[in-house]
$ cat start-v6.txt   # compact mmCIF, C-alpha atoms
# COMPACT_ATOMS: atom_id res chain seq x y z
CA MET A 6 35.00 63.05 21.27
CA PHE A 7 37.70 61.78 23.65
CA ASP A 8 41.11 63.44 23.50
CA VAL A 9 44.24 63.41 25.64
CA LYS A 10 42.80 65.95 28.06
CA ASN A 11 39.68 63.82 28.66
CA ILE A 12 41.80 60.71 29.26
CA LYS A 13 43.87 62.51 31.88
CA LYS A 14 40.77 63.97 33.47
CA TYR A 15 38.72 60.75 33.83
CA TYR A 16 40.96 57.68 33.54
CA ILE A 17 44.13 58.63 35.37
CA PRO A 18 42.26 59.22 38.67
CA LEU A 19 40.45 55.91 38.19
CA LEU A 20 43.73 54.05 37.68
CA ARG A 21 45.13 55.64 40.82
CA LYS A 22 42.16 54.41 42.85
CA ILE A 23 42.58 50.85 41.51
CA ARG A 24 46.31 50.86 42.29
CA ASN A 25 45.74 52.16 45.77
CA PHE A 26 43.15 49.42 46.40
CA LEU A 27 45.46 46.64 45.18
CA LEU A 28 48.26 47.92 47.43
CA SER A 29 46.01 48.21 50.44
CA ASP A 30 46.08 45.79 53.38
CA LYS A 31 42.50 44.59 52.73
CA CYS A 32 43.33 43.60 49.16
CA ARG A 33 46.41 41.67 50.24
CA GLU A 34 44.39 39.79 52.85
CA PHE A 35 41.74 38.92 50.26
CA LEU A 36 44.35 37.66 47.78
CA PHE A 37 45.99 35.51 50.48
CA PHE A 38 42.57 34.06 51.27
CA LEU A 39 41.94 33.17 47.61
CA PHE A 40 45.36 31.55 47.36
CA PHE A 41 44.72 29.27 50.29
CA VAL A 42 41.25 28.45 48.97
CA PHE A 43 42.82 27.40 45.66
CA ILE A 44 45.44 25.25 47.45
CA SER A 45 42.71 23.59 49.50
CA PHE A 46 40.67 22.93 46.39
CA CYS A 47 43.65 21.26 44.68
CA PHE A 48 44.26 18.97 47.68
CA TRP A 49 40.56 18.11 47.81
CA LEU A 50 40.51 17.37 44.09
CA LEU A 51 43.58 15.11 44.34
CA GLN A 52 42.01 13.22 47.20
CA ILE A 53 38.74 12.81 45.30
CA LEU A 54 40.45 11.68 42.11
CA ASN A 55 42.46 9.04 43.97
CA GLU A 56 39.25 7.23 44.83
CA THR A 57 37.86 4.46 42.58
CA TYR A 58 35.12 5.28 40.09
CA GLN A 59 33.28 3.71 37.20
CA THR A 60 32.60 5.26 33.83
CA GLU A 61 31.61 4.29 30.30
CA PHE A 62 33.10 5.37 27.00
CA LYS A 63 32.89 4.43 23.33
CA ILE A 64 35.50 2.72 21.18
CA PRO A 65 35.15 2.57 17.35
CA LEU A 66 34.89 -0.89 15.78
CA ARG A 67 36.32 -1.78 12.36
CA LEU A 68 36.52 -4.86 10.11
CA LYS A 69 39.44 -4.69 7.68
CA ASN A 70 40.65 -6.61 4.61
CA VAL A 71 37.16 -7.55 3.41
CA PRO A 72 37.56 -9.00 -0.14
CA LYS A 73 35.79 -7.22 -2.99
CA GLU A 74 33.65 -10.26 -3.79
CA VAL A 75 32.38 -10.46 -0.21
CA VAL A 76 29.11 -8.70 0.61
CA LEU A 77 28.23 -8.15 4.27
CA THR A 78 24.51 -8.87 4.61
CA SER A 79 24.22 -7.72 8.23
CA ASP A 80 25.40 -4.49 9.81
CA ILE A 81 28.41 -4.41 12.14
CA PRO A 82 28.18 -1.93 15.03
CA SER A 83 30.24 1.16 14.31
CA GLU A 84 31.26 1.36 17.96
CA ILE A 85 31.09 -0.55 21.24
CA ARG A 86 30.45 0.84 24.73
CA VAL A 87 32.92 -0.16 27.45
CA LYS A 88 32.28 0.20 31.19
CA VAL A 89 35.52 0.40 33.22
CA GLU A 90 36.67 0.95 36.81
CA ASP A 91 39.82 2.74 38.01
CA ARG A 92 41.11 5.71 39.98
CA GLY A 93 39.62 9.06 39.11
CA THR A 94 42.92 10.41 37.74
CA ILE A 95 43.15 7.57 35.23
CA LEU A 96 39.53 7.91 34.16
CA LEU A 97 39.93 11.66 33.79
CA ASN A 98 42.89 11.03 31.51
CA TYR A 99 40.73 8.70 29.37
CA MET A 100 37.98 11.28 29.06
CA LEU A 101 40.12 14.36 28.46
CA GLY A 102 43.47 13.32 27.09
CA ARG A 103 43.24 9.86 25.54
CA THR A 104 42.10 9.18 21.98
CA PHE A 105 41.05 5.57 21.51
CA PHE A 106 42.00 3.82 18.30
CA PRO A 107 39.39 1.58 16.64
CA ALA A 108 39.20 -2.04 17.76
CA THR A 109 40.13 -3.60 14.42
CA PHE A 110 39.48 -7.19 13.35
CA ASP A 111 40.89 -8.87 10.25
CA PHE A 112 38.32 -10.60 8.02
CA ALA A 113 40.92 -13.20 7.01
CA ASP A 114 40.97 -14.52 10.59
CA TYR A 115 37.29 -15.48 10.40
CA GLU A 116 36.52 -16.38 6.77
CA ASN A 117 36.92 -20.13 7.44
CA LYS A 118 34.31 -20.10 10.21
CA GLY A 119 31.23 -20.07 7.97
CA THR A 120 29.02 -17.32 6.61
CA ARG A 121 27.99 -16.21 10.11
CA VAL A 122 30.91 -15.03 12.22
CA VAL A 123 30.70 -14.39 15.96
CA ILE A 124 33.37 -12.36 17.76
CA PRO A 125 33.03 -13.15 21.50
CA ALA A 126 33.47 -10.70 24.36
CA SER A 127 36.83 -12.24 25.30
CA GLU A 128 38.33 -11.17 21.96
CA LEU A 129 36.79 -7.72 22.28
CA SER A 130 38.31 -7.36 25.75
CA LYS A 131 41.79 -8.27 24.47
CA LYS A 132 41.59 -5.62 21.76
CA ILE A 133 40.38 -2.97 24.20
CA ALA A 134 42.80 -3.85 27.00
CA THR A 135 45.81 -2.99 24.84
CA GLN A 136 44.75 0.66 24.95
CA LEU A 137 43.99 0.81 28.68
CA ASN A 138 46.13 1.37 31.74
CA GLY A 139 47.22 -1.80 33.57
CA THR A 140 45.14 -0.87 36.61
CA THR A 141 41.94 -0.37 34.64
CA ARG A 142 39.37 -3.15 35.03
CA ILE A 143 36.81 -3.81 32.27
CA LEU A 144 33.39 -4.36 33.85
CA ALA A 145 31.15 -4.74 30.80
CA ILE A 146 31.10 -4.46 27.02
CA ARG A 147 27.97 -3.64 25.04
CA PRO A 148 27.18 -5.44 22.85
CA ASP A 149 28.96 -8.33 24.59
CA THR A 150 29.32 -10.18 21.27
CA VAL A 151 29.70 -8.86 17.73
CA ASP A 152 28.58 -10.95 14.79
CA PHE A 153 28.20 -10.46 11.06
CA ILE A 154 26.84 -12.46 8.12
CA TYR A 155 28.36 -12.38 4.66
CA THR A 156 28.11 -13.97 1.23
CA ARG A 157 30.61 -14.23 -1.58
CA GLY A 158 28.60 -12.44 -4.24
CA THR A 159 25.66 -14.91 -4.19
CA ALA A 160 22.65 -12.89 -5.38
CA MET A 161 19.40 -12.98 -7.32
CA LYS A 162 16.62 -10.62 -8.31
CA VAL A 163 13.22 -10.76 -6.62
CA PRO A 164 10.05 -8.69 -7.12
CA VAL A 165 9.03 -6.01 -4.66
CA ALA A 166 5.65 -6.31 -2.91
CA VAL A 167 4.10 -3.19 -1.39
CA ASN A 168 2.82 -3.74 2.14
CA LYS A 169 -0.01 -1.22 2.27
CA GLU A 170 -3.17 -0.32 4.14
CA VAL A 171 -5.01 2.27 2.04
CA THR A 172 -8.46 3.80 2.29
CA THR A 173 -9.79 6.38 -0.15
CA GLY A 174 -12.26 9.19 0.11
CA ARG A 175 -15.84 8.74 -1.00
CA GLN A 176 -16.25 8.15 -4.76
CA TYR A 177 -12.51 7.44 -5.06
CA TYR A 178 -10.61 4.17 -5.49
CA VAL A 179 -7.02 2.97 -5.81
CA SER A 180 -6.50 2.62 -9.56
CA ASP A 181 -2.90 1.42 -9.46
CA VAL A 182 0.10 0.91 -7.20
CA LYS A 183 3.44 1.51 -8.89
CA CYS A 184 6.82 0.61 -7.46
CA GLN A 185 10.14 1.92 -8.79
CA PRO A 186 12.16 -0.21 -9.10
CA ASP A 187 9.76 -3.15 -9.20
CA SER A 188 12.53 -5.63 -8.37
CA VAL A 189 15.72 -5.58 -6.28
CA THR A 190 18.90 -7.61 -5.99
CA VAL A 191 19.14 -9.79 -2.90
CA TYR A 192 22.45 -10.83 -1.35
CA ALA A 193 22.43 -13.62 1.22
CA PRO A 194 24.13 -16.93 2.03
CA GLU A 195 22.95 -19.70 -0.31
CA GLU A 196 20.96 -21.52 2.37
CA VAL A 197 19.03 -18.30 3.09
CA LEU A 198 18.80 -16.99 -0.47
CA LYS A 199 16.82 -19.96 -1.78
CA ASN A 200 13.94 -19.09 0.58
CA VAL A 201 13.70 -15.43 -0.45
CA LEU A 202 10.93 -15.06 -3.02
CA THR A 203 9.77 -11.47 -2.50
CA ALA A 204 11.09 -8.26 -0.97
CA TYR A 205 8.41 -6.53 1.10
CA THR A 206 8.30 -2.82 1.87
CA GLN A 207 7.81 -1.36 5.30
CA PRO A 208 4.06 -0.90 6.01
CA ILE A 209 2.37 2.07 4.36
CA ASP A 210 -0.76 3.41 6.08
CA LEU A 211 -2.80 5.94 4.08
CA LYS A 212 -6.30 7.04 5.05
CA ASP A 213 -9.01 8.87 3.06
CA ILE A 214 -6.74 9.88 0.21
CA THR A 215 -8.20 11.65 -2.83
CA ASP A 216 -5.07 12.14 -4.90
CA THR A 217 -1.99 10.19 -5.94
CA VAL A 218 0.53 9.77 -3.12
CA VAL A 219 4.25 9.14 -3.75
CA LYS A 220 6.42 7.92 -0.87
CA HIS A 221 10.02 6.77 -0.49
CA VAL A 222 9.71 3.52 1.44
CA PRO A 223 12.53 1.34 2.86
CA LEU A 224 12.33 -2.42 2.47
CA GLN A 225 11.75 -4.64 5.48
CA THR A 226 15.09 -5.52 7.03
CA ILE A 227 15.85 -9.18 7.63
CA ARG A 228 19.09 -10.08 9.38
CA GLY A 229 21.46 -11.85 7.02
CA ILE A 230 19.78 -10.42 3.90
CA LYS A 231 20.87 -7.32 2.03
CA TYR A 232 18.73 -5.60 -0.61
CA VAL A 233 20.20 -3.39 -3.32
CA PRO A 234 18.69 -0.85 -3.41
CA SER A 235 17.41 -0.91 0.18
CA SER A 236 14.41 1.35 -0.54
CA VAL A 237 11.93 1.98 -3.35
CA GLU A 238 9.59 4.73 -4.49
CA VAL A 239 5.92 3.77 -4.21
CA ALA A 240 3.16 5.66 -6.02
CA VAL A 241 -0.43 4.96 -4.92
CA CYS A 242 -2.59 6.23 -7.78
CA VAL A 243 -6.14 7.35 -7.03
CA ASP A 244 -8.99 7.90 -9.47
CA MET A 245 -12.59 9.08 -9.14
CA TYR A 246 -15.54 6.82 -9.87
CA SER A 247 -18.10 7.77 -12.53
CA GLU A 248 -21.21 5.91 -13.66
CA LYS A 249 -21.73 4.85 -17.26
CA THR A 250 -24.46 2.94 -19.14
CA VAL A 251 -24.11 0.99 -22.39
CA GLU A 252 -26.57 -1.12 -24.43
CA VAL A 253 -25.43 -4.71 -24.89
CA PRO A 254 -27.08 -7.34 -27.18
CA VAL A 255 -28.49 -10.43 -25.46
CA ILE A 256 -27.12 -13.72 -26.83
CA GLY A 257 -27.71 -17.38 -26.04
CA PHE A 258 -25.17 -19.51 -24.17
CA ASP A 259 -24.80 -23.28 -24.53
CA PHE A 260 -27.75 -23.69 -26.90
CA PRO A 261 -27.84 -27.01 -28.79
CA LYS A 262 -27.77 -27.09 -32.59
CA GLY A 263 -31.08 -26.34 -34.17
CA LYS A 264 -32.29 -24.08 -31.38
CA VAL A 265 -32.12 -20.27 -31.70
CA LEU A 266 -32.88 -17.77 -28.95
CA ARG A 267 -35.09 -14.74 -29.56
CA THR A 268 -35.35 -12.22 -26.72
CA PHE A 269 -37.63 -9.26 -26.09
CA PRO A 270 -35.97 -6.78 -25.82
CA SER A 271 -32.95 -7.83 -27.84
CA LYS A 272 -30.66 -5.51 -25.87
CA VAL A 273 -30.31 -4.64 -22.21
CA GLN A 274 -28.74 -1.70 -20.44
CA VAL A 275 -25.59 -2.38 -18.42
CA THR A 276 -24.79 0.30 -15.84
CA PHE A 277 -21.48 0.26 -14.00
CA GLN A 278 -18.96 2.37 -12.15
CA VAL A 279 -15.60 3.11 -13.75
CA GLY A 280 -12.75 5.51 -13.09
CA LEU A 281 -12.46 8.66 -15.12
CA ALA A 282 -9.18 7.43 -16.60
CA ASN A 283 -10.96 4.47 -18.26
CA PHE A 284 -14.37 6.08 -18.85
CA LYS A 285 -14.04 6.48 -22.62
CA SER A 286 -12.25 3.20 -23.28
CA ILE A 287 -15.01 0.94 -21.86
CA THR A 288 -17.67 0.15 -24.51
CA ALA A 289 -20.56 -2.28 -25.01
CA ASN A 290 -18.21 -4.66 -26.84
CA ASP A 291 -16.36 -5.30 -23.57
CA PHE A 292 -19.41 -7.03 -22.04
CA LEU A 293 -20.94 -10.42 -22.80
CA VAL A 294 -24.59 -10.65 -21.73
CA GLY A 295 -27.05 -13.42 -22.44
CA VAL A 296 -29.26 -16.33 -21.40
CA ALA A 297 -27.94 -19.82 -20.67
CA TYR A 298 -29.90 -22.76 -22.12
CA PRO A 299 -29.37 -24.99 -19.04
CA ASP A 300 -30.88 -22.24 -16.87
CA LEU A 301 -33.97 -22.10 -19.09
CA GLN A 302 -34.54 -25.82 -18.54
CA LYS A 303 -34.73 -25.18 -14.81
CA GLU A 304 -37.16 -22.24 -15.02
CA SER A 305 -40.86 -22.85 -15.40
CA GLY A 306 -42.12 -19.40 -16.45
CA ASP A 307 -41.81 -17.44 -19.68
CA LYS A 308 -39.15 -15.09 -18.28
CA ALA A 309 -35.41 -15.62 -18.60
CA THR A 310 -32.77 -14.28 -16.19
CA VAL A 311 -30.00 -12.35 -17.93
CA ILE A 312 -26.48 -13.32 -16.87
CA LEU A 313 -23.14 -11.62 -17.33
CA ARG A 314 -20.43 -13.85 -18.79
CA ALA A 315 -17.60 -11.37 -19.47
CA THR A 316 -16.69 -7.97 -18.05
CA PRO A 317 -13.69 -5.68 -18.60
CA GLU A 318 -11.21 -4.68 -15.95
CA HIS A 319 -11.58 -1.51 -13.90
CA VAL A 320 -15.39 -1.70 -13.60
CA SER A 321 -17.50 -2.41 -10.52
CA HIS A 322 -21.07 -2.27 -9.19
CA ILE A 323 -22.53 -3.65 -12.43
CA ARG A 324 -26.32 -3.59 -12.85
CA ILE A 325 -28.38 -5.02 -15.73
CA SER A 326 -31.75 -3.56 -16.70
CA PRO A 327 -34.04 -5.32 -17.21
CA ALA A 328 -32.72 -8.26 -15.19
CA THR A 329 -35.31 -10.64 -16.71
CA ILE A 330 -36.67 -10.67 -20.27
CA ASP A 331 -39.21 -12.46 -22.44
CA TYR A 332 -37.80 -15.08 -24.74
CA LEU A 333 -38.70 -17.48 -27.50
CA ILE A 334 -36.77 -20.55 -28.67
CA GLU A 335 -37.05 -21.24 -32.39
CA GLU A 336 -36.40 -24.63 -33.93
CA GLN A 337 -34.23 -24.75 -37.07
CA THR A 338 -33.67 -27.70 -39.37
CA VAL A 339 -30.07 -28.88 -39.29
CA LEU A 340 -29.07 -30.59 -42.56
CA PRO A 341 -26.48 -33.36 -42.58
CA LYS A 342 -23.01 -32.41 -43.85
CA ASP A 343 -23.21 -35.01 -46.67
CA SER A 344 -26.37 -33.53 -48.11
CA LEU A 345 -24.85 -30.05 -48.06
CA ALA A 346 -21.80 -31.32 -49.96
CA HIS A 347 -24.04 -33.08 -52.52
CA ASP A 348 -26.04 -29.95 -53.20

$ encode --input "start-v6.txt" --output "structure tokens"
Amino acid sequence: MFDVKNIKKYYIPLLRKIRNFLLSDKCREFLFFLFFVFISFCFWLLQILNETYQTEFKIPLRLKNVPKEVVLTSDIPSEIRVKVEDRGTILLNYMLGRTFFPATFDFADYENKGTRVVIPASELSKKIATQLNGTTRILAIRPDTVDFIYTRGTAMKVPVAVNKEVTTGRQYYVSDVKCQPDSVTVYAPEEVLKNVLTAYTQPIDLKDITDTVVKHVPLQTIRGIKYVPSSVEVAVCVDMYSEKTVEVPVIGFDFPKGKVLRTFPSKVQVTFQVGLANFKSITANDFLVGVAYPDLQKESGDKATVILRATPEHVSHIRISPATIDYLIEEQTVLPKDSLAHD
């Protein structure tokens, strides 16, 4: 451990050496040299800063006194970029010492100019110039014009349409596409609002999916139109295909009175693909299979082609076996209604 004796032994001699060096002629010469270098640098810097330069800086932009019933349907830039020219000393003051106040515009000054307001570059320059030195010259403003679109609470609800490009893995299919919320409120000037029928999402591109995918998707932005909310949650539901077979009775379609169809066999097998979610709910009663009388008049043989008149949702790749069957048309006596009433 260090004690007083160690300090005297090691540090006091070191301090003496440093003092002797600082008081030496070489040290004084070196310090004089640094002093003159510093003076030269200051003169050089003043000369450089007195020359003319160009720079760019940002100024915040604000719109004040917007009434509560007014909804801005387009975004106003939060800041503008200003390119200026002046002496280096002035520009250095802007960059290091000057805090720029926002360029503020009063909504009341523009509300009688229609629902689309344009603030030209000349007005922007006037607002900016009040904060600049008199010698500073404004070279450019970006953007050179500021505009905004507004509506006084005019709104309506429209449905949301999902803009999607989806492919599924083998033996899978898209069973449902859910959107939450399924409708949004649209704010826009009346002349624009009447043409808005649907709010579309940004494109969704999903490839070879085998499970449900949930994504937070923004709506497509259209200038002058504001959606509330501006994004939705989209769920692309995926299910797996399975094959199922049911026996369905064959019936006659469009047969005239007095004619009855007899088929051999009386039932056919209907095979189809259906998702696992709907596998149990699909039954033979959901299908309508039969033979059409007009078709029999066109056929010359003793075979009839079986047709499918009704199918449930969520099924695909339907096959009927056998596709053709033997048939017989029986004649039945049709009694007049009067005779039936008399009996």

$ residues_around --input "start-v6.txt" --residues "Thr226 (chain A)" --least-positions-apart "2" --cutoff "10 Å" --atoms "all atoms listed in the file" --output "PyMOL selection string"
chain A and resi 79+204-207+223-224+228-232+235

$ atom_distance --input "start-v6.txt" --atom1 "CA of Asp152 (chain A)" --atom2 "CA of Val89 (chain A)"
22.7 Å

$ atom_distance --input "start-v6.txt" --atom1 "CA of Gly119 (chain A)" --atom2 "CA of Ile154 (chain A)"
8.8 Å

$ atom_distance --input "start-v6.txt" --atom1 "CA of Thr316 (chain A)" --atom2 "CA of Phe292 (chain A)"
4.9 Å

$ residues_around --input "start-v6.txt" --residues "Glu195 (chain A)" --least-positions-apart "6" --cutoff "9 Å" --atoms "only C-alpha atoms" --output "JSON, numbers by chain"
{"A": [156, 159, 160]}

$ residues_near_point --input "start-v6.txt" --point "(-13.8, 8.1, -5.9)" --cutoff "10 Å" --atoms "all atoms listed in the file" --output "VMD selection string"
chain A and resid 173 to 180 214 to 216 243 to 247 278 to 281

$ residues_around --input "start-v6.txt" --residues "Thr60 (chain A)" --least-positions-apart "3" --cutoff "10 Å" --atoms "only C-alpha atoms" --output "PyMOL selection string"
chain A and resi 87-91+93+96-97+99-100+144

$ residues_around --input "start-v6.txt" --residues "region 133-138 of chain A" --least-positions-apart "2" --cutoff "8 Å" --atoms "all atoms listed in the file" --output "number ranges by chain"
A: 95, 105-106, 108, 129-131, 140-141, 143

$ residues_around --input "start-v6.txt" --residues "region 67-70 of chain A" --least-positions-apart "4" --cutoff "10 Å" --atoms "all atoms listed in the file" --output "list in words"
Ile81, Pro82, Ser83, Glu84, Phe106, Pro107, Ala108, Thr109, Phe110, Asp111, Phe112, Ala113 and Asp114 of chain A

$ write_last_selection --input "start-v6.txt" --atoms "C-alpha atoms" --output "PDB file, in the frame of the given file"
ATOM      1  CA  ILE A  81      28.410  -4.410  12.140  1.00  0.00           C
ATOM      2  CA  PRO A  82      28.180  -1.930  15.030  1.00  0.00           C
ATOM      3  CA  SER A  83      30.240   1.160  14.310  1.00  0.00           C
ATOM      4  CA  GLU A  84      31.260   1.360  17.960  1.00  0.00           C
ATOM      5  CA  PHE A 106      42.000   3.820  18.300  1.00  0.00           C
ATOM      6  CA  PRO A 107      39.390   1.580  16.640  1.00  0.00           C
ATOM      7  CA  ALA A 108      39.200  -2.040  17.760  1.00  0.00           C
ATOM      8  CA  THR A 109      40.130  -3.600  14.420  1.00  0.00           C
ATOM      9  CA  PHE A 110      39.480  -7.190  13.350  1.00  0.00           C
ATOM     10  CA  ASP A 111      40.890  -8.870  10.250  1.00  0.00           C
ATOM     11  CA  PHE A 112      38.320 -10.600   8.020  1.00  0.00           C
ATOM     12  CA  ALA A 113      40.920 -13.200   7.010  1.00  0.00           C
ATOM     13  CA  ASP A 114      40.970 -14.520  10.590  1.00  0.00           C
TER      14      ASP A 114
END

$ closest_residue --input "start-v6.txt" --among "A:Asp291, A:Glu170, A:Glu248, A:Asp149" --to "Leu313 (chain A)" --atoms "all atoms listed in the file"
A:Asp291

$ residues_near_point --input "start-v6.txt" --point "(9.6, 8.3, -6.1)" --cutoff "6 Å" --atoms "only C-alpha atoms" --output "MDAnalysis selection string"
chainID A and resid 219 221 238

$ closest_residue --input "start-v6.txt" --among "A:Ile312, A:Ile334, A:Ile227, A:Leu66" --to "Lys262 (chain A)" --atoms "only C-alpha atoms"
A:Ile334

$ closest_residue --input "start-v6.txt" --among "A:Phe269, A:Phe46, A:Tyr192, A:Phe284" --to "Ala328 (chain A)" --atoms "only C-alpha atoms"
A:Phe269

$ closest_residue --input "start-v6.txt" --among "A:Thr268, A:Ser236, A:Ser286, A:Asn55" --to "Lys249 (chain A)" --atoms "all atoms listed in the file"
A:Ser286

$ closest_residue --input "start-v6.txt" --among "A:Val239, A:Val218, A:Lys162, A:Phe153" --to "Val201 (chain A)" --atoms "only C-alpha atoms"
A:Lys162

$ build_atoms --input "start-v6.txt" --residues "region 29-37 of chain A" --atoms "all heavy atoms" --output "PDB file, in the coordinates of the input"
ATOM      1  N   SER A  29      46.522  48.058  49.081  1.00  0.00           N
ATOM      2  CA  SER A  29      46.010  48.210  50.440  1.00  0.00           C
ATOM      3  C   SER A  29      46.093  46.904  51.200  1.00  0.00           C
ATOM      4  O   SER A  29      46.216  45.815  50.621  1.00  0.00           O
ATOM      5  CB  SER A  29      44.566  48.710  50.394  1.00  0.00           C
ATOM      6  OG  SER A  29      43.743  47.704  49.806  1.00  0.00           O
ATOM      7  N   ASP A  30      46.010  46.981  52.536  1.00  0.00           N
ATOM      8  CA  ASP A  30      46.080  45.790  53.380  1.00  0.00           C
ATOM      9  C   ASP A  30      44.886  44.875  53.163  1.00  0.00           C
ATOM     10  O   ASP A  30      45.012  43.639  53.169  1.00  0.00           O
ATOM     11  CB  ASP A  30      46.141  46.230  54.855  1.00  0.00           C
ATOM     12  CG  ASP A  30      47.451  46.953  55.179  1.00  0.00           C
ATOM     13  OD1 ASP A  30      48.424  46.734  54.420  1.00  0.00           O
ATOM     14  OD2 ASP A  30      47.476  47.708  56.155  1.00  0.00           O
ATOM     15  N   LYS A  31      43.695  45.413  52.957  1.00  0.00           N
ATOM     16  CA  LYS A  31      42.500  44.590  52.730  1.00  0.00           C
ATOM     17  C   LYS A  31      42.625  43.747  51.482  1.00  0.00           C
ATOM     18  O   LYS A  31      42.237  42.585  51.453  1.00  0.00           O
ATOM     19  CB  LYS A  31      41.255  45.488  52.641  1.00  0.00           C
ATOM     20  CG  LYS A  31      40.854  46.108  53.953  1.00  0.00           C
ATOM     21  CD  LYS A  31      39.566  46.898  53.798  1.00  0.00           C
ATOM     22  CE  LYS A  31      39.142  47.514  55.138  1.00  0.00           C
ATOM     23  NZ  LYS A  31      37.878  48.288  55.009  1.00  0.00           N
ATOM     24  N   CYS A  32      43.179  44.336  50.422  1.00  0.00           N
ATOM     25  CA  CYS A  32      43.330  43.600  49.160  1.00  0.00           C
ATOM     26  C   CYS A  32      44.326  42.452  49.315  1.00  0.00           C
ATOM     27  O   CYS A  32      44.092  41.340  48.838  1.00  0.00           O
ATOM     28  CB  CYS A  32      43.781  44.555  48.057  1.00  0.00           C
ATOM     29  SG  CYS A  32      43.972  43.715  46.457  1.00  0.00           S
ATOM     30  N   ARG A  33      45.427  42.732  50.038  1.00  0.00           N
ATOM     31  CA  ARG A  33      46.410  41.670  50.240  1.00  0.00           C
ATOM     32  C   ARG A  33      45.811  40.517  51.035  1.00  0.00           C
ATOM     33  O   ARG A  33      46.052  39.335  50.742  1.00  0.00           O
ATOM     34  CB  ARG A  33      47.656  42.242  50.930  1.00  0.00           C
ATOM     35  CG  ARG A  33      48.558  43.056  49.998  1.00  0.00           C
ATOM     36  CD  ARG A  33      49.941  43.242  50.610  1.00  0.00           C
ATOM     37  NE  ARG A  33      49.882  44.021  51.860  1.00  0.00           N
ATOM     38  CZ  ARG A  33      49.976  45.335  51.919  1.00  0.00           C
ATOM     39  NH1 ARG A  33      50.137  46.042  50.815  1.00  0.00           N
ATOM     40  NH2 ARG A  33      49.927  45.961  53.092  1.00  0.00           N
ATOM     41  N   GLU A  34      45.040  40.833  52.043  1.00  0.00           N
ATOM     42  CA  GLU A  34      44.390  39.790  52.850  1.00  0.00           C
ATOM     43  C   GLU A  34      43.434  38.951  51.992  1.00  0.00           C
ATOM     44  O   GLU A  34      43.358  37.727  52.123  1.00  0.00           O
ATOM     45  CB  GLU A  34      43.648  40.425  54.016  1.00  0.00           C
ATOM     46  CG  GLU A  34      44.564  41.026  55.055  1.00  0.00           C
ATOM     47  CD  GLU A  34      43.787  41.744  56.139  1.00  0.00           C
ATOM     48  OE1 GLU A  34      42.524  41.732  56.050  1.00  0.00           O
ATOM     49  OE2 GLU A  34      44.414  42.319  57.036  1.00  0.00           O
ATOM     50  N   PHE A  35      42.709  39.646  51.124  1.00  0.00           N
ATOM     51  CA  PHE A  35      41.740  38.920  50.260  1.00  0.00           C
ATOM     52  C   PHE A  35      42.474  38.002  49.279  1.00  0.00           C
ATOM     53  O   PHE A  35      42.067  36.860  49.052  1.00  0.00           O
ATOM     54  CB  PHE A  35      40.881  39.935  49.508  1.00  0.00           C
ATOM     55  CG  PHE A  35      39.885  39.318  48.586  1.00  0.00           C
ATOM     56  CD1 PHE A  35      38.781  38.652  49.086  1.00  0.00           C
ATOM     57  CD2 PHE A  35      40.059  39.383  47.206  1.00  0.00           C
ATOM     58  CE1 PHE A  35      37.863  38.068  48.232  1.00  0.00           C
ATOM     59  CE2 PHE A  35      39.146  38.806  46.351  1.00  0.00           C
ATOM     60  CZ  PHE A  35      38.039  38.141  46.860  1.00  0.00           C
ATOM     61  N   LEU A  36      43.595  38.477  48.719  1.00  0.00           N
ATOM     62  CA  LEU A  36      44.350  37.660  47.780  1.00  0.00           C
ATOM     63  C   LEU A  36      44.968  36.444  48.467  1.00  0.00           C
ATOM     64  O   LEU A  36      45.002  35.341  47.912  1.00  0.00           O
ATOM     65  CB  LEU A  36      45.439  38.497  47.092  1.00  0.00           C
ATOM     66  CG  LEU A  36      44.937  39.575  46.125  1.00  0.00           C
ATOM     67  CD1 LEU A  36      46.111  40.400  45.586  1.00  0.00           C
ATOM     68  CD2 LEU A  36      44.170  38.953  44.970  1.00  0.00           C
ATOM     69  N   PHE A  37      45.464  36.647  49.719  1.00  0.00           N
ATOM     70  CA  PHE A  37      45.990  35.510  50.480  1.00  0.00           C
ATOM     71  C   PHE A  37      44.889  34.478  50.735  1.00  0.00           C
ATOM     72  O   PHE A  37      45.107  33.257  50.649  1.00  0.00           O
ATOM     73  CB  PHE A  37      46.592  35.993  51.804  1.00  0.00           C
ATOM     74  CG  PHE A  37      47.992  36.456  51.686  1.00  0.00           C
ATOM     75  CD1 PHE A  37      48.348  37.774  52.000  1.00  0.00           C
ATOM     76  CD2 PHE A  37      49.005  35.587  51.269  1.00  0.00           C
ATOM     77  CE1 PHE A  37      49.652  38.206  51.881  1.00  0.00           C
ATOM     78  CE2 PHE A  37      50.312  36.011  51.154  1.00  0.00           C
ATOM     79  CZ  PHE A  37      50.643  37.335  51.453  1.00  0.00           C
TER      80      PHE A  37
END
